[in-house]
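Down below is the structure, laid out as structure tokens.
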Amino acid sequence: MSQITVEQLWKAYGDRSVLERINLEVASGSFVTLVGASGCGKTTFLRLLLGQEAPTRGRLLLDGAPLPAEPGPDRGIVFQRYSVYPHLSVLENVVLGLEFRAARWLGRLRGPARRQAFEAGEAMLAQVGLEAVRDAAPTALSGGMQQRLAIAQALILKPRILLLDEPFGALDPGIRADMHGLIRKLWHETRMTVFMVTHDISEAFALGSRILTFDKVRRDPHAPEAYGATVTYDLQGRHRLPLAEEAPPCAAA
Amino acid sequence: MATARRFINRRPQRGSGLLLAAAPFVALILLYLIGSDMRLSANPGDKLLPAPSSFVEAISALALQADPRSGNYLFWTDTAASLLRLGLGVAIAALLGLVFGLAIGLFPYAGALLDPLMAVLSMIPPLAILPILFILFGLGELAKVVLIVIGIAPFLIRDVAFRARELPEELLIKAQTLGASSWQILLRVAGPMILPRLIGGIRLALGPAWLFLIAGEAIAATEGLGYRIFLVRRFLAMDVILPYVAWITLLAFLMDLALARWSRARFAWAAGR
Ligand SMILES: Nc1ncnc2c1ncn2[C@@H]1O[C@H](COP(=O)(O)OP(=O)(O)OP(=O)(O)O)[C@@H](O)[C@H]1O
Ligand SMILES: [Mg+2]
């Protein structure tokens, strides 16, 4: 299980409020997509879930227990860029998580354990369609292939939660459609809980079982940083409710 | 009319590029030959700008004939002694740079403890503490190697630390989500990613390393390239000094070239970064 509870979550950097009064109950196995104007705090929300940042106030619970305060193998992540290790081959990138888990001191497996891990890595690569380039350097891959690799790398440890921050933002529309198919397939197979930030509203609706929009509801024209964003719409996937067209920019200019 | 392109867009062809690169060298050599010839025709005993034949004589005496007193081929024993000192000093400094630089760059506590110290240490002029080194370590090999280490290690440590802090945060976070411990991140992510940067730092530090080597040898040594230059200075032996300088320059140049080649072959992923 991987149910997420968000209670009265606030996040501020100094005087600058970024997120405020967020209350959520996310069922295990949900595919939550997050949309909102640039600077609304979507990435900040993911960082809180990841444990990279601590809430200023409020609590984040995973199956009723507070989330660990630093990133760990229960929560995988794929960033928009800098997602894979340039000094390792494609296959080595995927196997890395298994090596970290099994080889505490060297971080590197040997012998039969190594063979086993690399076989698991190849199976994972096959799932994302990269088996043909397993020995290539990641820098030689296209953007779409690099993101496939980043996803495979994150999934090899079977995280309970997968966090995606605009993972397809830099890809061509055609490639993006392929990636949608891939991520939906993997979500079905693993039943993990997914949080995905996107700027593409149609993508949010195409993929999400639940769509959250972030925006500021309180504004002080004299102090644009006084108030943070919160969840303004909480929509079921494929139930297209009217959505504020383009949310007005809530970033402090 | 063909429009004249801007100078920033005009590039030499391959052949003319080589020609351009060679031109200053040829000009310098010609200048020397003319100067040497003028002085020698005025005074055949002139020592300041010896003729090329004197170089050959002086160096073949040092390189091809055993020294009657010690039985050594001085040119080669000088070279070996200097390279050993330089290699030891640079290797120790590189190791310190890697270990302390990574620790400072990666662990906030190590950074808080050592950052200010490194900032201050790197400002001490190493030559100013050379007398202290000779007092502490005697006039043997140790003091000269330590001078090189003290001279370049602070730079390498700080360089590696800065580079480690520049590693994309995403990659460090990702490693944590893959379950890596601090130690594993050091070993499998930060360490390997910093190595090509360390090589770059070593290349920059080679110049100062030679400087400290020759300074140390000039003051207290019984052999070495720097020692020989300062020894024969007393006899105005330009026929030895100039070839020695050229030889040192060539060695330094080859080291730099070898490091660059090796780094490009071994760390191909870091190219163009
Ligand atoms: N470490 C930090 N210190 C101070 N302010 C920060 C920090 N991180 C983020 N912010 C601020 O928090 C706000 C929200 O940033 P965030 O990156 O979460 O927005 P976002 O919704 O992901 O935007 P985008 O769609 O452009 O990625 C921004 O105004 C940003 O300047
Ligand atoms: Mg963002």
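So you can find residues: chains in the structure tokens are A, B, ... in the order shown, residues in each start at 1, and ligands are numbered from 1 in order.
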Name each residue within 10 Å of ligand 1, counting only C-alpha atoms and all ligand atoms, as an mmCIF file with N, CA, C and O atoms, in the first residue's frame.
```cif
data_model
loop_
_atom_site.group_PDB
_atom_site.id
_atom_site.type_symbol
_atom_site.label_atom_id
_atom_site.label_comp_id
_atom_site.auth_asym_id
_atom_site.auth_seq_id
_atom_site.Cartn_x
_atom_site.Cartn_y
_atom_site.Cartn_z
ATOM 1 N N LYS A 11 4.306 25.668 3.119
ATOM 2 C CA LYS A 11 5.742 25.759 2.840
ATOM 3 C C LYS A 11 6.077 27.210 2.549
ATOM 4 O O LYS A 11 5.465 27.845 1.689
ATOM 5 N N ALA A 12 7.023 27.746 3.279
ATOM 6 C CA ALA A 12 7.481 29.114 3.042
ATOM 7 C C ALA A 12 9.003 29.115 3.009
ATOM 8 O O ALA A 12 9.647 28.331 3.700
ATOM 9 N N TYR A 13 9.557 29.970 2.153
ATOM 10 C CA TYR A 13 11.001 30.221 2.187
ATOM 11 C C TYR A 13 11.168 31.613 2.771
ATOM 12 O O TYR A 13 10.880 32.601 2.095
ATOM 13 N N GLY A 14 11.558 31.712 4.008
ATOM 14 C CA GLY A 14 11.642 33.019 4.653
ATOM 15 C C GLY A 14 10.253 33.639 4.709
ATOM 16 O O GLY A 14 9.305 33.016 5.176
ATOM 17 N N ASP A 15 10.133 34.871 4.182
ATOM 18 C CA ASP A 15 8.830 35.551 4.183
ATOM 19 C C ASP A 15 7.964 35.109 3.024
ATOM 20 O O ASP A 15 6.807 35.502 2.913
ATOM 21 N N ARG A 16 8.558 34.320 2.143
ATOM 22 C CA ARG A 16 7.874 34.033 0.894
ATOM 23 C C ARG A 16 7.098 32.733 1.029
ATOM 24 O O ARG A 16 7.671 31.652 1.107
ATOM 25 N N SER A 17 5.757 32.846 1.042
ATOM 26 C CA SER A 17 4.920 31.655 1.109
ATOM 27 C C SER A 17 4.816 31.041 -0.276
ATOM 28 O O SER A 17 4.579 31.748 -1.250
ATOM 29 N N VAL A 18 5.011 29.753 -0.364
ATOM 30 C CA VAL A 18 4.899 29.084 -1.660
ATOM 31 C C VAL A 18 3.642 28.221 -1.696
ATOM 32 O O VAL A 18 2.848 28.304 -2.621
ATOM 33 N N LEU A 19 3.437 27.436 -0.674
ATOM 34 C CA LEU A 19 2.250 26.572 -0.612
ATOM 35 C C LEU A 19 1.549 26.831 0.716
ATOM 36 O O LEU A 19 2.208 27.096 1.729
ATOM 37 N N LEU A 34 -0.369 17.038 -11.616
ATOM 38 C CA LEU A 34 -0.372 18.354 -10.993
ATOM 39 C C LEU A 34 -0.166 19.396 -12.079
ATOM 40 O O LEU A 34 0.815 19.318 -12.827
ATOM 41 N N VAL A 35 -1.098 20.352 -12.168
ATOM 42 C CA VAL A 35 -0.921 21.432 -13.142
ATOM 43 C C VAL A 35 -1.047 22.769 -12.420
ATOM 44 O O VAL A 35 -1.541 22.836 -11.300
ATOM 45 N N GLY A 36 -0.611 23.813 -13.076
ATOM 46 C CA GLY A 36 -0.664 25.140 -12.485
ATOM 47 C C GLY A 36 0.362 26.022 -13.146
ATOM 48 O O GLY A 36 1.288 25.528 -13.797
ATOM 49 N N ALA A 37 0.199 27.328 -12.989
ATOM 50 C CA ALA A 37 1.100 28.265 -13.659
ATOM 51 C C ALA A 37 2.517 28.096 -13.148
ATOM 52 O O ALA A 37 2.756 27.545 -12.078
ATOM 53 N N SER A 38 3.451 28.587 -13.920
ATOM 54 C CA SER A 38 4.855 28.506 -13.538
ATOM 55 C C SER A 38 5.082 29.256 -12.228
ATOM 56 O O SER A 38 4.548 30.338 -12.028
ATOM 57 N N GLY A 39 5.844 28.666 -11.345
ATOM 58 C CA GLY A 39 6.143 29.322 -10.078
ATOM 59 C C GLY A 39 5.098 29.097 -9.003
ATOM 60 O O GLY A 39 5.151 29.685 -7.934
ATOM 61 N N CYS A 40 4.133 28.230 -9.287
ATOM 62 C CA CYS A 40 3.049 27.962 -8.344
ATOM 63 C C CYS A 40 3.458 27.051 -7.192
ATOM 64 O O CYS A 40 2.690 26.900 -6.245
ATOM 65 N N GLY A 41 4.563 26.390 -7.309
ATOM 66 C CA GLY A 41 4.967 25.516 -6.217
ATOM 67 C C GLY A 41 4.744 24.049 -6.489
ATOM 68 O O GLY A 41 4.771 23.238 -5.564
ATOM 69 N N LYS A 42 4.584 23.665 -7.761
ATOM 70 C CA LYS A 42 4.387 22.239 -8.068
ATOM 71 C C LYS A 42 5.653 21.443 -7.761
ATOM 72 O O LYS A 42 5.596 20.382 -7.134
ATOM 73 N N THR A 43 6.775 21.981 -8.224
ATOM 74 C CA THR A 43 8.033 21.293 -7.931
ATOM 75 C C THR A 43 8.282 21.260 -6.425
ATOM 76 O O THR A 43 8.734 20.250 -5.878
ATOM 77 N N THR A 44 7.956 22.354 -5.763
ATOM 78 C CA THR A 44 8.117 22.387 -4.304
ATOM 79 C C THR A 44 7.300 21.277 -3.647
ATOM 80 O O THR A 44 7.771 20.609 -2.720
ATOM 81 N N PHE A 45 6.088 21.081 -4.147
ATOM 82 C CA PHE A 45 5.240 20.021 -3.583
ATOM 83 C C PHE A 45 5.901 18.644 -3.772
ATOM 84 O O PHE A 45 5.937 17.823 -2.863
ATOM 85 N N LEU A 46 6.450 18.413 -4.960
ATOM 86 C CA LEU A 46 7.143 17.137 -5.196
ATOM 87 C C LEU A 46 8.350 16.997 -4.275
ATOM 88 O O LEU A 46 8.625 15.916 -3.758
ATOM 89 N N ARG A 47 9.077 18.094 -4.081
ATOM 90 C CA ARG A 47 10.255 18.033 -3.207
ATOM 91 C C ARG A 47 9.875 17.712 -1.773
ATOM 92 O O ARG A 47 10.618 17.051 -1.052
ATOM 93 N N LEU A 48 8.709 18.197 -1.366
ATOM 94 C CA LEU A 48 8.217 17.850 -0.029
ATOM 95 C C LEU A 48 7.901 16.360 0.037
ATOM 96 O O LEU A 48 8.241 15.678 1.001
ATOM 97 N N GLU A 53 12.774 18.571 0.897
ATOM 98 C CA GLU A 53 12.456 19.766 1.672
ATOM 99 C C GLU A 53 11.556 19.344 2.821
ATOM 100 O O GLU A 53 10.837 18.350 2.711
ATOM 101 N N GLN A 80 13.174 16.441 -15.243
ATOM 102 C CA GLN A 80 13.099 16.786 -16.665
ATOM 103 C C GLN A 80 14.459 16.628 -17.334
ATOM 104 O O GLN A 80 14.559 16.230 -18.481
ATOM 105 N N ASP A 165 8.697 15.054 -12.500
ATOM 106 C CA ASP A 165 8.612 16.512 -12.622
ATOM 107 C C ASP A 165 8.793 16.906 -14.082
ATOM 108 O O ASP A 165 9.914 16.957 -14.575
ATOM 109 N N GLU A 166 7.701 17.178 -14.743
ATOM 110 C CA GLU A 166 7.718 17.524 -16.172
ATOM 111 C C GLU A 166 8.634 16.595 -16.954
ATOM 112 O O GLU A 166 9.526 17.055 -17.674
ATOM 113 N N VAL A 197 4.029 16.156 -12.444
ATOM 114 C CA VAL A 197 3.835 17.575 -12.758
ATOM 115 C C VAL A 197 3.884 17.744 -14.262
ATOM 116 O O VAL A 197 4.740 17.147 -14.925
ATOM 117 N N THR A 198 2.982 18.516 -14.819
ATOM 118 C CA THR A 198 3.040 18.789 -16.245
ATOM 119 C C THR A 198 2.491 20.177 -16.520
ATOM 120 O O THR A 198 1.717 20.723 -15.742
ATOM 121 N N HIS A 199 2.949 20.749 -17.639
ATOM 122 C CA HIS A 199 2.389 22.035 -18.068
ATOM 123 C C HIS A 199 1.330 21.816 -19.133
ATOM 124 O O HIS A 199 0.700 22.764 -19.577
ATOM 125 N N PHE A 214 -3.000 23.812 -9.038
ATOM 126 C CA PHE A 214 -2.444 24.665 -7.989
ATOM 127 C C PHE A 214 -2.614 26.115 -8.406
ATOM 128 O O PHE A 214 -2.335 26.480 -9.549
ATOM 129 N N ASP A 215 -3.070 26.946 -7.482
ATOM 130 C CA ASP A 215 -3.167 28.379 -7.767
ATOM 131 C C ASP A 215 -3.286 29.125 -6.449
ATOM 132 O O ASP A 215 -3.585 28.530 -5.422
ATOM 133 N N GLU A 225 4.142 38.214 -2.362
ATOM 134 C CA GLU A 225 4.736 36.981 -1.850
ATOM 135 C C GLU A 225 4.118 36.534 -0.539
ATOM 136 O O GLU A 225 4.544 35.543 0.044
ATOM 137 N N GLY A 228 0.630 31.856 -0.422
ATOM 138 C CA GLY A 228 1.080 30.770 -1.283
ATOM 139 C C GLY A 228 -0.064 30.184 -2.087
ATOM 140 O O GLY A 228 -1.224 30.594 -1.960
ATOM 141 N N ALA A 229 0.268 29.214 -2.911
ATOM 142 C CA ALA A 229 -0.742 28.554 -3.730
ATOM 143 C C ALA A 229 -1.318 27.368 -2.964
ATOM 144 O O ALA A 229 -0.705 26.846 -2.036
ATOM 145 N N CYS A 250 0.880 33.122 -11.184
ATOM 146 C CA CYS A 250 0.897 33.377 -9.750
ATOM 147 C C CYS A 250 2.322 33.510 -9.252
ATOM 148 O O CYS A 250 2.561 33.677 -8.075
ATOM 149 N N ALA A 251 3.261 33.466 -10.180
ATOM 150 C CA ALA A 251 4.640 33.667 -9.742
ATOM 151 C C ALA A 251 4.839 35.147 -9.447
ATOM 152 O O ALA A 251 4.327 35.988 -10.162
ATOM 153 N N ALA A 252 5.569 35.432 -8.410
ATOM 154 C CA ALA A 252 5.945 36.813 -8.185
ATOM 155 C C ALA A 252 6.887 37.201 -9.302
ATOM 156 O O ALA A 252 7.862 36.517 -9.557
ATOM 157 N N ALA A 253 6.564 38.295 -9.995
ATOM 158 C CA ALA A 253 7.314 38.635 -11.188
ATOM 159 C C ALA A 253 8.785 38.845 -10.884
ATOM 160 O O ALA A 253 9.164 39.190 -9.804
#
```
Using only C-alpha atoms, find which residues of chain B lie within 12 Å of chain A and jot them down as a VMD selection string. chain B and resid 167 to 196 266 to 273
Keeping only N, CA, C and O atoms, take the residues you just selected and write them out as a short mmCIF file (atom, residue, chain, number, x, y, z; two decimals), in the first residue's frame.
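Output file out-v3.cif is given in full below:
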```cif
data_model
loop_
_atom_site.label_atom_id
_atom_site.label_comp_id
_atom_site.auth_asym_id
_atom_site.auth_seq_id
_atom_site.Cartn_x
_atom_site.Cartn_y
_atom_site.Cartn_z
N LEU B 167 28.16 19.67 -9.16
CA LEU B 167 27.49 18.50 -9.72
C LEU B 167 25.99 18.73 -9.67
O LEU B 167 25.48 19.25 -8.68
N PRO B 168 25.25 18.36 -10.72
CA PRO B 168 23.80 18.60 -10.72
C PRO B 168 23.16 17.95 -9.49
O PRO B 168 23.36 16.77 -9.23
N GLU B 169 22.40 18.74 -8.76
CA GLU B 169 21.78 18.24 -7.55
C GLU B 169 20.89 17.04 -7.88
O GLU B 169 20.76 16.11 -7.08
N GLU B 170 20.27 17.10 -9.06
CA GLU B 170 19.36 16.02 -9.45
C GLU B 170 20.04 14.66 -9.35
O GLU B 170 19.42 13.68 -8.93
N LEU B 171 21.31 14.61 -9.77
CA LEU B 171 21.99 13.31 -9.79
C LEU B 171 22.25 12.80 -8.37
O LEU B 171 22.25 11.59 -8.13
N LEU B 172 22.50 13.71 -7.44
CA LEU B 172 22.73 13.30 -6.06
C LEU B 172 21.41 12.86 -5.42
O LEU B 172 21.36 11.89 -4.65
N ILE B 173 20.33 13.59 -5.72
CA ILE B 173 19.01 13.21 -5.20
C ILE B 173 18.60 11.85 -5.76
O ILE B 173 18.13 10.97 -5.04
N LYS B 174 18.81 11.70 -7.07
CA LYS B 174 18.42 10.45 -7.70
C LYS B 174 19.13 9.28 -7.04
O LYS B 174 18.53 8.25 -6.76
N ALA B 175 20.41 9.44 -6.76
CA ALA B 175 21.17 8.35 -6.11
C ALA B 175 20.53 8.00 -4.77
O ALA B 175 20.44 6.83 -4.40
N GLN B 176 20.08 9.02 -4.05
CA GLN B 176 19.45 8.73 -2.76
C GLN B 176 18.16 7.96 -2.94
O GLN B 176 17.83 7.07 -2.15
N THR B 177 17.40 8.30 -4.00
CA THR B 177 16.16 7.55 -4.23
C THR B 177 16.47 6.14 -4.71
O THR B 177 15.58 5.29 -4.72
N LEU B 178 17.71 5.90 -5.12
CA LEU B 178 18.11 4.53 -5.47
C LEU B 178 18.72 3.84 -4.26
O LEU B 178 19.32 2.77 -4.38
N GLY B 179 18.58 4.47 -3.10
CA GLY B 179 19.00 3.82 -1.86
C GLY B 179 20.46 3.97 -1.52
O GLY B 179 20.96 3.29 -0.63
N ALA B 180 21.19 4.86 -2.21
CA ALA B 180 22.63 4.96 -1.97
C ALA B 180 22.92 5.63 -0.63
O ALA B 180 22.26 6.59 -0.25
N SER B 181 23.93 5.13 0.08
CA SER B 181 24.42 5.80 1.28
C SER B 181 25.38 6.90 0.86
O SER B 181 25.78 6.97 -0.31
N SER B 182 25.78 7.74 1.81
CA SER B 182 26.75 8.80 1.49
C SER B 182 28.01 8.19 0.87
O SER B 182 28.56 8.69 -0.11
N TRP B 183 28.46 7.11 1.48
CA TRP B 183 29.68 6.46 1.03
C TRP B 183 29.53 5.94 -0.39
O TRP B 183 30.42 6.09 -1.24
N GLN B 184 28.37 5.32 -0.67
CA GLN B 184 28.15 4.80 -2.02
C GLN B 184 28.06 5.93 -3.04
O GLN B 184 28.53 5.79 -4.18
N ILE B 185 27.46 7.05 -2.64
CA ILE B 185 27.39 8.20 -3.55
C ILE B 185 28.80 8.68 -3.88
O ILE B 185 29.13 8.99 -5.02
N LEU B 186 29.64 8.72 -2.84
CA LEU B 186 31.03 9.14 -3.03
C LEU B 186 31.74 8.22 -4.02
O LEU B 186 32.44 8.65 -4.94
N LEU B 187 31.53 6.92 -3.84
CA LEU B 187 32.27 5.91 -4.58
C LEU B 187 31.78 5.76 -6.02
O LEU B 187 32.58 5.58 -6.93
N ARG B 188 30.46 5.79 -6.21
CA ARG B 188 29.93 5.45 -7.52
C ARG B 188 29.44 6.65 -8.31
O ARG B 188 29.26 6.56 -9.52
N VAL B 189 29.16 7.77 -7.66
CA VAL B 189 28.61 8.92 -8.39
C VAL B 189 29.57 10.11 -8.36
O VAL B 189 30.15 10.48 -9.38
N ALA B 190 29.78 10.67 -7.16
CA ALA B 190 30.56 11.91 -7.10
C ALA B 190 32.02 11.67 -7.48
O ALA B 190 32.59 12.44 -8.26
N GLY B 191 32.62 10.60 -6.96
CA GLY B 191 34.02 10.32 -7.24
C GLY B 191 34.29 10.19 -8.73
O GLY B 191 35.07 10.96 -9.31
N PRO B 192 33.63 9.23 -9.39
CA PRO B 192 33.89 9.06 -10.83
C PRO B 192 33.56 10.30 -11.65
O PRO B 192 34.24 10.58 -12.63
N MET B 193 32.53 11.06 -11.22
CA MET B 193 32.17 12.23 -12.02
C MET B 193 33.18 13.35 -11.84
O MET B 193 33.29 14.24 -12.68
N ILE B 194 33.93 13.33 -10.72
CA ILE B 194 34.86 14.42 -10.45
C ILE B 194 36.23 14.13 -11.06
O ILE B 194 37.02 15.05 -11.28
N LEU B 195 36.53 12.86 -11.37
CA LEU B 195 37.89 12.51 -11.83
C LEU B 195 38.37 13.34 -13.03
O LEU B 195 39.47 13.87 -13.00
N PRO B 196 37.57 13.47 -14.09
CA PRO B 196 38.07 14.28 -15.21
C PRO B 196 38.33 15.72 -14.81
O PRO B 196 39.24 16.36 -15.35
N ARG B 266 39.93 8.15 -21.51
CA ARG B 266 39.38 7.44 -20.36
C ARG B 266 38.01 8.00 -19.96
O ARG B 266 37.14 7.27 -19.50
N PHE B 267 37.81 9.29 -20.13
CA PHE B 267 36.56 9.92 -19.69
C PHE B 267 35.86 10.56 -20.88
O PHE B 267 35.57 11.75 -20.89
N ALA B 268 35.60 9.73 -21.88
CA ALA B 268 34.99 10.25 -23.11
C ALA B 268 33.66 10.92 -22.81
O ALA B 268 33.27 11.89 -23.46
N TRP B 269 32.95 10.42 -21.79
CA TRP B 269 31.64 10.98 -21.49
C TRP B 269 31.71 12.44 -21.07
O TRP B 269 30.72 13.17 -21.16
N ALA B 270 32.86 12.86 -20.56
CA ALA B 270 32.96 14.23 -20.04
C ALA B 270 33.33 15.22 -21.13
O ALA B 270 33.35 16.42 -20.89
N ALA B 271 33.60 14.74 -22.34
CA ALA B 271 34.02 15.64 -23.41
C ALA B 271 32.91 16.64 -23.72
O ALA B 271 31.73 16.31 -23.69
N GLY B 272 33.31 17.84 -24.00
CA GLY B 272 32.34 18.87 -24.37
C GLY B 272 31.44 19.29 -23.24
O GLY B 272 30.32 19.73 -23.44
N ARG B 273 31.90 19.13 -22.02
CA ARG B 273 31.09 19.46 -20.88
C ARG B 273 31.68 20.64 -20.15
O ARG B 273 32.87 20.79 -20.11
#
```
Which value, in Å to one decimal, gives the distance between atom CA of Ile135 of chain B and atom CA of Leu84 of chain B?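 Spanning atom CA of Ile135 of chain B to atom CA of Leu84 of chain B is a straight-line distance of 22.0 Å.
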Tell me which of A:Leu164, A:Leu49, A:Met1, A:Leu62 sits closest to ligand 2, counting only C-alpha atoms and all ligand atoms.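 Closest candidate: A:Leu164.
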Contacts of Val32 of chain A at 6 Å or less, counting only C-alpha atoms, minus same-chain residues fewer than 4 places along, as a list in words?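 The residues that qualify are Val194, Phe195, Gly208, Arg210 and Ile211 of chain A.
Closest approach to ligand 2 from the set A:Met196, A:Val26, A:Lys158, A:Leu125 is made by A:Met196, with distances taken over only C-alpha atoms and all ligand atoms.
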Contacts of Glu25 of chain A at 12 Å or less, counting only C-alpha atoms, minus same-chain residues fewer than 2 places along, as a VMD selection string? chain A and resid 2 to 8 22 to 23 27 to 28 30 32 59 to 64 210 212 234
Determine, counting only C-alpha atoms, which protein, DNA and RNA residues have an atom within 8 Å of an atom of Phe75 of chain B; residues of the same chain fewer than 5 positions away are not included. Present the result as a list in words.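 Contacts, in chain order: Ile59, Leu62, Ala63 and Leu225 of chain B.
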Filtering to N, CA and C atoms, could you give me those residues as a CSV table (one decimal), in the first residue's frame?
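Heads up, here's the output in selection_21.csv:
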```csv
chain,number,residue,atom,x,y,z
B,59,ILE,N,75.6,19.5,-24.0
B,59,ILE,CA,74.6,18.5,-23.6
B,59,ILE,C,75.1,17.1,-23.8
B,62,LEU,N,77.2,16.0,-21.0
B,62,LEU,CA,76.4,15.7,-19.8
B,62,LEU,C,75.6,14.4,-20.0
B,63,ALA,N,75.1,14.2,-21.3
B,63,ALA,CA,74.2,13.1,-21.5
B,63,ALA,C,74.8,11.8,-21.9
B,225,LEU,N,67.3,18.9,-12.3
B,225,LEU,CA,67.4,19.9,-13.4
B,225,LEU,C,67.6,21.3,-12.9
```
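Comparing B:Val145, B:Leu102, B:Leu156, B:Ala161 by their smallest distance to Gly87 of chain B, the closest is B:Val145 (using only C-alpha atoms).
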Step one, run DSSP on the backbone; step two, keep only residues of segment 34-109 of chain A assigned to alpha helix (DSSP H); then write them as a ChimeraX atom specification. /A:42-50,90-102
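Reported to one decimal place, the separation of atom CA of Ile148 of chain B from atom CA of Phe212 of chain B is 5.5 Å.
Counting only C-alpha atoms and all ligand atoms and comparing A:Glu203, A:Pro167, A:Glu131, A:Val90, the residue that lies closest to ligand 2 is A:Pro167.
Distances to ligand 2 were evaluated for A:Glu92, A:Phe205, A:Gly29, A:Gly169 using only C-alpha atoms and all ligand atoms, and the minimum falls at A:Gly169.
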To one decimal in Å, tell me the separation between atom CA of Ala23 of chain B and atom CA of Pro52 of chain B.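 Distance reported for this atom pair: 19.9 Å.
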Please give the complete set of residues from segment 117-235 of chain A that DSSP, run on the backbone, assigns to strand (DSSP E or B), formatted as number ranges by chain. A: 161-165, 193-197, 210-216, 229-235
Using the selection just defined, write its residues with C-alpha atoms as a short mmCIF file (atom, residue, chain, number, x, y, z; two decimals), in the first residue's frame.
```cif
data_model
loop_
_atom_site.label_atom_id
_atom_site.label_comp_id
_atom_site.auth_asym_id
_atom_site.auth_seq_id
_atom_site.Cartn_x
_atom_site.Cartn_y
_atom_site.Cartn_z
CA ILE A 161 5.63 6.13 -5.13
CA LEU A 162 6.94 7.54 -8.38
CA LEU A 163 7.44 11.29 -8.70
CA LEU A 164 7.76 12.83 -12.15
CA ASP A 165 8.61 16.51 -12.62
CA THR A 193 1.14 5.73 -6.74
CA VAL A 194 2.29 8.31 -9.27
CA PHE A 195 2.58 12.08 -8.93
CA MET A 196 3.36 13.86 -12.17
CA VAL A 197 3.83 17.58 -12.76
CA ARG A 210 -6.90 12.50 -10.51
CA ILE A 211 -5.94 16.02 -11.54
CA LEU A 212 -4.92 18.70 -9.07
CA THR A 213 -4.59 22.32 -10.07
CA PHE A 214 -2.44 24.66 -7.99
CA ASP A 215 -3.17 28.38 -7.77
CA LYS A 216 -3.24 31.25 -5.34
CA ALA A 229 -0.74 28.55 -3.73
CA THR A 230 -3.11 25.79 -2.77
CA VAL A 231 -5.10 23.12 -4.56
CA THR A 232 -7.91 24.95 -6.37
CA TYR A 233 -9.43 22.10 -8.40
CA ASP A 234 -9.41 18.43 -7.53
CA LEU A 235 -10.75 16.55 -10.53
#
```
